Amino acid sequence: MMAAFLTVGGPVGAQNSASGLEAALAAGELSGELQRNVAGDTVFRPLDPSLPLVYLPEGTDFPDGALRRTISVTGALRPDGLLQVEGLTLPNPYSGSSDAAYVTAARIVDRINEAIDPVSLPMSPLPRTIEDPHPVARATKKDVDEIIRLFGAAHATRDTAEMRRLATLWRDLRIELFQTFPDGIGLKSVYGTDDVYRAWRIRQIFRSSTSVVGIAEVGEAEPHCSGVLISPTLILTASHCITRPLSELEVFFGFVELPGGGAHPPIRRRLNANAVIPADTADWTRLLQKDFGPDLLDYVVLSIEPAGNAAAIPLVEVAPGIKDTPEPQCLSRSVQNRGDPLYVIGYPEQAALSVHTAAYVEFPYAIRGFDLPGLELDAGSDFVSAADTYDRVLVELQDSYIGENGVDRSSTFARFYYHSMRNFGQPSLGIVADTSQGNSGGPVYTHRKDQCVVGLLVAGKSGNWYGGPTWFQHEVAIPIEAILDDMEHQLGAQAFAELGLDLR
């Protein structure tokens, strides 16, 4: 039979450990973590390293929100050495204060305590996202909105000391929230939407991948950038991917990894020496100098050269025995909200085609005025312990979100558009996607509806970030909405319409 508790030192050590546990439990609450092992058993690991890990009776279970976090338990050891838990609580450092923000935070922790306590087990399980209609999630979201409202009020009066105090509170509170509602945005915001990919969505991703091309120098074995087919002859990619005259570049179709290892040889197509966009020679010169800004975006539209008697768009083998013809991808102006799931397709580190599905929006391109305080509270909380950095982040973030028609930040319902100061002031969509060099120029797809392209990746990041995504650590895409507006401005309405793009 499995030992009821685990220790070292043989029978004498086991007796001492049991005695220590009994004494600790008899003294009151015992701090530690509830964990579920591989076999599905529930165990309790005391924080005191001198005390053993102890099993709970078979069938004992707790809501996920009670697991793998520091809690205090009351109970007793049974004669068989198993721990009978009678109650558990989270420490509530916010209780006892009359301050409005602390009262709200204390209410959140008290509510979580009620939801994870064994007495509450008969109620429906806690959801994994705060956006769920579950009563605990709904009430918690209302309290979170109250803390954001308090931060917004402090911001409106330029009370920097109060803003920093609330940011410190939020930095700690959001960890508790994430442990209770883990399907949010990492340790950043607790807001998020369903990012589960149903089978039909995966099939659509598979089909879309055939239309994502590699950008390479003629004769090279590996692509250095990515791009996407947007018409039967046109490729959209990042302009910083253009390392040589277009006549010296080509695109790869079907450069995919084989199940047994290695990559399928790509089908190559040359590019026309003249770009469709930029149409102006002066703009092309600036792009080659990487002189990007609000009036010159990091993208180009290129055309594929006819390949003699071969079709411009080849039939490609996307997997052994499975062939498909790449199709122009739909382009969407749809608004992407914070936490919305995305995926990115491209060629990271010059490798074969990869799909990055665990992606989401961190800094939206378009946001309403009433959502700005919550965004600032989150972004600033990462740096609240360093006053200079905290102040700089708030200034950069505020300068990056520009109100439509020149409205100021007090306009609650107006839209504000993200022109990232960290991306040369270009219209931007800040995302987290675990991409890297080589993904540049690749399409960013929405998880919604038709799974159209909503952005063009221009700045990837390694996934090995210390502390997770922040204002300084996230990937950047240019929104398709901004690209389409710029294309129409450059070409004129009629010529733009004649491109025959699939716009949705």
# chains A, B, ... in the order shown; residues from 1 in each chain; ligands from 1
>>> residues_around(residues="Val318 in chain A", least_positions_apart="3", cutoff="7 Å", atoms="only C-alpha atoms", output="ChimeraX atom specification")
/A:210,254,256,322-324
>>> residues_around(residues="Glu250 in chain A", least_positions_apart="5", cutoff="6 Å", atoms="only C-alpha atoms", output="ChimeraX atom specification")
/A:216,218,269-271
>>> write_last_selection(atoms="N, CA, C and O atoms", output="compact mmCIF listing (two decimals), in the first residue's frame")
# COMPACT_ATOMS: atom_id res chain seq x y z
N ALA A 216 13.48 34.55 -50.26
CA ALA A 216 14.88 34.12 -50.26
C ALA A 216 15.64 34.79 -51.40
O ALA A 216 15.03 35.25 -52.38
N VAL A 218 17.97 34.47 -54.62
CA VAL A 218 17.99 33.47 -55.68
C VAL A 218 19.08 32.44 -55.41
O VAL A 218 20.24 32.79 -55.18
N ARG A 269 9.67 30.58 -57.32
CA ARG A 269 9.15 31.50 -58.31
C ARG A 269 9.90 32.83 -58.16
O ARG A 269 10.10 33.32 -57.06
N ARG A 270 10.31 33.38 -59.30
CA ARG A 270 11.03 34.66 -59.29
C ARG A 270 10.06 35.82 -59.12
O ARG A 270 8.86 35.71 -59.38
N LEU A 271 10.60 36.96 -58.71
CA LEU A 271 9.80 38.16 -58.50
C LEU A 271 10.03 39.16 -59.63
O LEU A 271 11.14 39.27 -60.16
>>> atom_distance(atom1="CA of His224 in chain A", atom2="CA of Val476 in chain A")
17.9 Å
>>> closest_residue(among="A:Ala18, A:Glu488, A:Gln35, A:Pro91", to="Pro79 in chain A", atoms="only C-alpha atoms")
A:Ala18
>>> atom_distance(atom1="CA of Leu229 in chain A", atom2="CA of Val213 in chain A")
7.3 Å
>>> closest_residue(among="A:Asp172, A:Asp132, A:Asp41, A:Asp110", to="Asp382 in chain A", atoms="only C-alpha atoms")
A:Asp172
>>> residues_around(residues="His264 in chain A", least_positions_apart="2", cutoff="9 Å", atoms="only C-alpha atoms", output="MDAnalysis selection string")
chainID A and resid 254:258 262 266 317:319 352
>>> residues_around(residues="Pro328 in chain A", least_positions_apart="4", cutoff="7 Å", atoms="only C-alpha atoms", output="list of chain:residue names")
A:Ser211, A:Leu229, A:Ile230, A:Ser231, A:Pro232
>>> select_by_dssp(residues="range 196-424 of chain A", states="strand (DSSP E)", output="ChimeraX atom specification")
/A:212-217,225-229,234-237,249-253,267-270,300-303,316-319,322-324,341-346,354-363,366-368,401-403,415-420
>>> residues_around(residues="Ser124 in chain A", least_positions_apart="5", cutoff="10 Å", atoms="only C-alpha atoms", output="count of residues only")
4
>>> closest_residue(among="A:Leu126, A:Trp200, A:Pro364, A:Ser208", to="Glu327 in chain A", atoms="only C-alpha atoms")
A:Ser208
>>> closest_residue(among="A:Asp378, A:Glu146, A:Asp408, A:Asp99", to="Leu394 in chain A", atoms="only C-alpha atoms")
A:Asp378
>>> select_by_dssp(residues="range 41-218 of chain A", states="helix (DSSP H, G or I)", output="ChimeraX atom specification")
/A:64-66,100-116,118-120,135-156,160-180,199-209
>>> atom_distance(atom1="CA of Val444 in chain A", atom2="CA of Ile304 in chain A")
21.6 Å
>>> closest_residue(among="A:Ala238, A:Ile205, A:Val454, A:Ala154", to="Gly441 in chain A", atoms="only C-alpha atoms")
A:Ala238
>>> closest_residue(among="A:Leu429, A:Ala482, A:Leu150, A:Ile108", to="Leu173 in chain A", atoms="only C-alpha atoms")
A:Ile108
>>> decode(residues="range 216-253 of chain A", atoms="N, CA, C and O atoms", output="PDB file, in the first residue's frame")
ATOM      1  N   ALA A 216      13.480  34.546 -50.258  1.00  0.00           N
ATOM      2  CA  ALA A 216      14.878  34.116 -50.264  1.00  0.00           C
ATOM      3  C   ALA A 216      15.639  34.788 -51.400  1.00  0.00           C
ATOM      4  O   ALA A 216      15.033  35.251 -52.381  1.00  0.00           O
ATOM      5  N   GLU A 217      16.935  34.854 -51.254  1.00  0.00           N
ATOM      6  CA  GLU A 217      17.778  35.294 -52.352  1.00  0.00           C
ATOM      7  C   GLU A 217      17.875  34.148 -53.360  1.00  0.00           C
ATOM      8  O   GLU A 217      17.829  32.973 -52.986  1.00  0.00           O
ATOM      9  N   VAL A 218      17.966  34.473 -54.619  1.00  0.00           N
ATOM     10  CA  VAL A 218      17.985  33.470 -55.679  1.00  0.00           C
ATOM     11  C   VAL A 218      19.079  32.438 -55.413  1.00  0.00           C
ATOM     12  O   VAL A 218      20.241  32.789 -55.177  1.00  0.00           O
ATOM     13  N   GLY A 219      18.677  31.177 -55.403  1.00  0.00           N
ATOM     14  CA  GLY A 219      19.639  30.090 -55.224  1.00  0.00           C
ATOM     15  C   GLY A 219      19.884  29.691 -53.791  1.00  0.00           C
ATOM     16  O   GLY A 219      20.512  28.654 -53.534  1.00  0.00           O
ATOM     17  N   GLU A 220      19.398  30.480 -52.808  1.00  0.00           N
ATOM     18  CA  GLU A 220      19.596  30.134 -51.409  1.00  0.00           C
ATOM     19  C   GLU A 220      18.765  28.906 -51.042  1.00  0.00           C
ATOM     20  O   GLU A 220      17.681  28.669 -51.590  1.00  0.00           O
ATOM     21  N   ALA A 221      19.255  28.136 -50.073  1.00  0.00           N
ATOM     22  CA  ALA A 221      18.562  26.919 -49.672  1.00  0.00           C
ATOM     23  C   ALA A 221      17.461  27.179 -48.655  1.00  0.00           C
ATOM     24  O   ALA A 221      16.562  26.348 -48.484  1.00  0.00           O
ATOM     25  N   GLU A 222      17.514  28.328 -47.980  1.00  0.00           N
ATOM     26  CA  GLU A 222      16.555  28.620 -46.914  1.00  0.00           C
ATOM     27  C   GLU A 222      16.050  30.046 -47.060  1.00  0.00           C
ATOM     28  O   GLU A 222      16.796  30.943 -47.468  1.00  0.00           O
ATOM     29  N   PRO A 223      14.805  30.306 -46.707  1.00  0.00           N
ATOM     30  CA  PRO A 223      14.274  31.671 -46.768  1.00  0.00           C
ATOM     31  C   PRO A 223      14.733  32.489 -45.566  1.00  0.00           C
ATOM     32  O   PRO A 223      14.982  31.937 -44.492  1.00  0.00           O
ATOM     33  N   HIS A 224      14.835  33.780 -45.751  1.00  0.00           N
ATOM     34  CA  HIS A 224      15.198  34.647 -44.625  1.00  0.00           C
ATOM     35  C   HIS A 224      13.999  35.411 -44.090  1.00  0.00           C
ATOM     36  O   HIS A 224      14.099  36.089 -43.058  1.00  0.00           O
ATOM     37  N   CYS A 225      12.856  35.340 -44.764  1.00  0.00           N
ATOM     38  CA  CYS A 225      11.646  36.032 -44.347  1.00  0.00           C
ATOM     39  C   CYS A 225      10.434  35.252 -44.823  1.00  0.00           C
ATOM     40  O   CYS A 225      10.551  34.238 -45.528  1.00  0.00           O
ATOM     41  N   SER A 226       9.273  35.758 -44.445  1.00  0.00           N
ATOM     42  CA  SER A 226       8.009  35.138 -44.823  1.00  0.00           C
ATOM     43  C   SER A 226       7.158  36.132 -45.602  1.00  0.00           C
ATOM     44  O   SER A 226       7.429  37.335 -45.604  1.00  0.00           O
ATOM     45  N   GLY A 227       6.129  35.644 -46.251  1.00  0.00           N
ATOM     46  CA  GLY A 227       5.190  36.491 -46.982  1.00  0.00           C
ATOM     47  C   GLY A 227       3.904  35.724 -47.197  1.00  0.00           C
ATOM     48  O   GLY A 227       3.797  34.543 -46.837  1.00  0.00           O
ATOM     49  N   VAL A 228       2.910  36.384 -47.784  1.00  0.00           N
ATOM     50  CA  VAL A 228       1.620  35.719 -47.968  1.00  0.00           C
ATOM     51  C   VAL A 228       1.018  36.105 -49.309  1.00  0.00           C
ATOM     52  O   VAL A 228       1.126  37.251 -49.758  1.00  0.00           O
ATOM     53  N   LEU A 229       0.390  35.137 -49.949  1.00  0.00           N
ATOM     54  CA  LEU A 229      -0.260  35.337 -51.240  1.00  0.00           C
ATOM     55  C   LEU A 229      -1.585  36.061 -51.026  1.00  0.00           C
ATOM     56  O   LEU A 229      -2.450  35.593 -50.279  1.00  0.00           O
ATOM     57  N   ILE A 230      -1.774  37.236 -51.673  1.00  0.00           N
ATOM     58  CA  ILE A 230      -3.015  37.998 -51.488  1.00  0.00           C
ATOM     59  C   ILE A 230      -3.810  38.148 -52.790  1.00  0.00           C
ATOM     60  O   ILE A 230      -4.911  38.706 -52.779  1.00  0.00           O
ATOM     61  N   SER A 231      -3.257  37.709 -53.906  1.00  0.00           N
ATOM     62  CA  SER A 231      -3.976  37.641 -55.176  1.00  0.00           C
ATOM     63  C   SER A 231      -3.273  36.557 -55.998  1.00  0.00           C
ATOM     64  O   SER A 231      -2.220  36.061 -55.582  1.00  0.00           O
ATOM     65  N   PRO A 232      -3.804  36.172 -57.162  1.00  0.00           N
ATOM     66  CA  PRO A 232      -3.140  35.124 -57.936  1.00  0.00           C
ATOM     67  C   PRO A 232      -1.704  35.438 -58.321  1.00  0.00           C
ATOM     68  O   PRO A 232      -0.950  34.527 -58.689  1.00  0.00           O
ATOM     69  N   THR A 233      -1.289  36.703 -58.239  1.00  0.00           N
ATOM     70  CA  THR A 233       0.091  37.043 -58.617  1.00  0.00           C
ATOM     71  C   THR A 233       0.797  37.922 -57.601  1.00  0.00           C
ATOM     72  O   THR A 233       1.967  38.270 -57.801  1.00  0.00           O
ATOM     73  N   LEU A 234       0.148  38.305 -56.487  1.00  0.00           N
ATOM     74  CA  LEU A 234       0.726  39.290 -55.575  1.00  0.00           C
ATOM     75  C   LEU A 234       1.100  38.683 -54.229  1.00  0.00           C
ATOM     76  O   LEU A 234       0.379  37.853 -53.675  1.00  0.00           O
ATOM     77  N   ILE A 235       2.236  39.141 -53.713  1.00  0.00           N
ATOM     78  CA  ILE A 235       2.757  38.710 -52.417  1.00  0.00           C
ATOM     79  C   ILE A 235       2.877  39.934 -51.509  1.00  0.00           C
ATOM     80  O   ILE A 235       3.422  40.968 -51.909  1.00  0.00           O
ATOM     81  N   LEU A 236       2.383  39.809 -50.284  1.00  0.00           N
ATOM     82  CA  LEU A 236       2.535  40.843 -49.263  1.00  0.00           C
ATOM     83  C   LEU A 236       3.605  40.385 -48.287  1.00  0.00           C
ATOM     84  O   LEU A 236       3.558  39.260 -47.783  1.00  0.00           O
ATOM     85  N   THR A 237       4.577  41.266 -48.007  1.00  0.00           N
ATOM     86  CA  THR A 237       5.625  40.942 -47.050  1.00  0.00           C
ATOM     87  C   THR A 237       6.138  42.234 -46.420  1.00  0.00           C
ATOM     88  O   THR A 237       5.710  43.333 -46.784  1.00  0.00           O
ATOM     89  N   ALA A 238       7.036  42.104 -45.470  1.00  0.00           N
ATOM     90  CA  ALA A 238       7.635  43.276 -44.831  1.00  0.00           C
ATOM     91  C   ALA A 238       8.713  43.856 -45.735  1.00  0.00           C
ATOM     92  O   ALA A 238       9.507  43.111 -46.326  1.00  0.00           O
ATOM     93  N   SER A 239       8.774  45.175 -45.810  1.00  0.00           N
ATOM     94  CA  SER A 239       9.765  45.780 -46.701  1.00  0.00           C
ATOM     95  C   SER A 239      11.184  45.594 -46.191  1.00  0.00           C
ATOM     96  O   SER A 239      12.130  45.560 -46.981  1.00  0.00           O
ATOM     97  N   HIS A 240      11.355  45.420 -44.868  1.00  0.00           N
ATOM     98  CA  HIS A 240      12.723  45.228 -44.380  1.00  0.00           C
ATOM     99  C   HIS A 240      13.275  43.858 -44.774  1.00  0.00           C
ATOM    100  O   HIS A 240      14.464  43.575 -44.578  1.00  0.00           O
ATOM    101  N   CYS A 241      12.416  43.005 -45.360  1.00  0.00           N
ATOM    102  CA  CYS A 241      12.879  41.713 -45.867  1.00  0.00           C
ATOM    103  C   CYS A 241      13.568  41.837 -47.228  1.00  0.00           C
ATOM    104  O   CYS A 241      14.180  40.882 -47.713  1.00  0.00           O
ATOM    105  N   ILE A 242      13.446  43.016 -47.858  1.00  0.00           N
ATOM    106  CA  ILE A 242      14.039  43.197 -49.181  1.00  0.00           C
ATOM    107  C   ILE A 242      15.506  43.564 -49.005  1.00  0.00           C
ATOM    108  O   ILE A 242      15.857  44.701 -48.689  1.00  0.00           O
ATOM    109  N   THR A 243      16.356  42.573 -49.163  1.00  0.00           N
ATOM    110  CA  THR A 243      17.793  42.740 -48.925  1.00  0.00           C
ATOM    111  C   THR A 243      18.579  42.997 -50.207  1.00  0.00           C
ATOM    112  O   THR A 243      19.736  43.388 -50.154  1.00  0.00           O
ATOM    113  N   ARG A 244      17.958  42.751 -51.358  1.00  0.00           N
ATOM    114  CA  ARG A 244      18.629  42.911 -52.651  1.00  0.00           C
ATOM    115  C   ARG A 244      17.619  43.419 -53.668  1.00  0.00           C
ATOM    116  O   ARG A 244      16.418  43.451 -53.382  1.00  0.00           O
ATOM    117  N   PRO A 245      18.066  43.803 -54.859  1.00  0.00           N
ATOM    118  CA  PRO A 245      17.104  44.147 -55.912  1.00  0.00           C
ATOM    119  C   PRO A 245      16.115  42.999 -56.115  1.00  0.00           C
ATOM    120  O   PRO A 245      16.471  41.817 -55.980  1.00  0.00           O
ATOM    121  N   LEU A 246      14.879  43.327 -56.435  1.00  0.00           N
ATOM    122  CA  LEU A 246      13.837  42.300 -56.527  1.00  0.00           C
ATOM    123  C   LEU A 246      14.158  41.223 -57.553  1.00  0.00           C
ATOM    124  O   LEU A 246      13.746  40.066 -57.394  1.00  0.00           O
ATOM    125  N   SER A 247      14.901  41.580 -58.583  1.00  0.00           N
ATOM    126  CA  SER A 247      15.265  40.583 -59.597  1.00  0.00           C
ATOM    127  C   SER A 247      16.194  39.514 -59.033  1.00  0.00           C
ATOM    128  O   SER A 247      16.383  38.462 -59.644  1.00  0.00           O
ATOM    129  N   GLU A 248      16.768  39.776 -57.854  1.00  0.00           N
ATOM    130  CA  GLU A 248      17.683  38.813 -57.236  1.00  0.00           C
ATOM    131  C   GLU A 248      17.013  38.053 -56.088  1.00  0.00           C
ATOM    132  O   GLU A 248      17.666  37.364 -55.313  1.00  0.00           O
ATOM    133  N   LEU A 249      15.685  38.191 -55.982  1.00  0.00           N
ATOM    134  CA  LEU A 249      14.939  37.495 -54.940  1.00  0.00           C
ATOM    135  C   LEU A 249      13.925  36.545 -55.554  1.00  0.00           C
ATOM    136  O   LEU A 249      13.528  36.697 -56.711  1.00  0.00           O
ATOM    137  N   GLU A 250      13.514  35.564 -54.777  1.00  0.00           N
ATOM    138  CA  GLU A 250      12.488  34.623 -55.214  1.00  0.00           C
ATOM    139  C   GLU A 250      11.648  34.202 -54.011  1.00  0.00           C
ATOM    140  O   GLU A 250      12.001  34.482 -52.852  1.00  0.00           O
ATOM    141  N   VAL A 251      10.505  33.570 -54.295  1.00  0.00           N
ATOM    142  CA  VAL A 251       9.655  33.078 -53.217  1.00  0.00           C
ATOM    143  C   VAL A 251       9.621  31.559 -53.251  1.00  0.00           C
ATOM    144  O   VAL A 251       9.773  30.941 -54.300  1.00  0.00           O
ATOM    145  N   PHE A 252       9.467  30.966 -52.051  1.00  0.00           N
ATOM    146  CA  PHE A 252       9.364  29.516 -51.895  1.00  0.00           C
ATOM    147  C   PHE A 252       7.911  29.138 -51.650  1.00  0.00           C
ATOM    148  O   PHE A 252       7.248  29.705 -50.792  1.00  0.00           O
ATOM    149  N   PHE A 253       7.436  28.154 -52.394  1.00  0.00           N
ATOM    150  CA  PHE A 253       6.176  27.493 -52.080  1.00  0.00           C
ATOM    151  C   PHE A 253       6.482  26.071 -51.619  1.00  0.00           C
ATOM    152  O   PHE A 253       7.400  25.425 -52.125  1.00  0.00           O
TER     153      PHE A 253
END
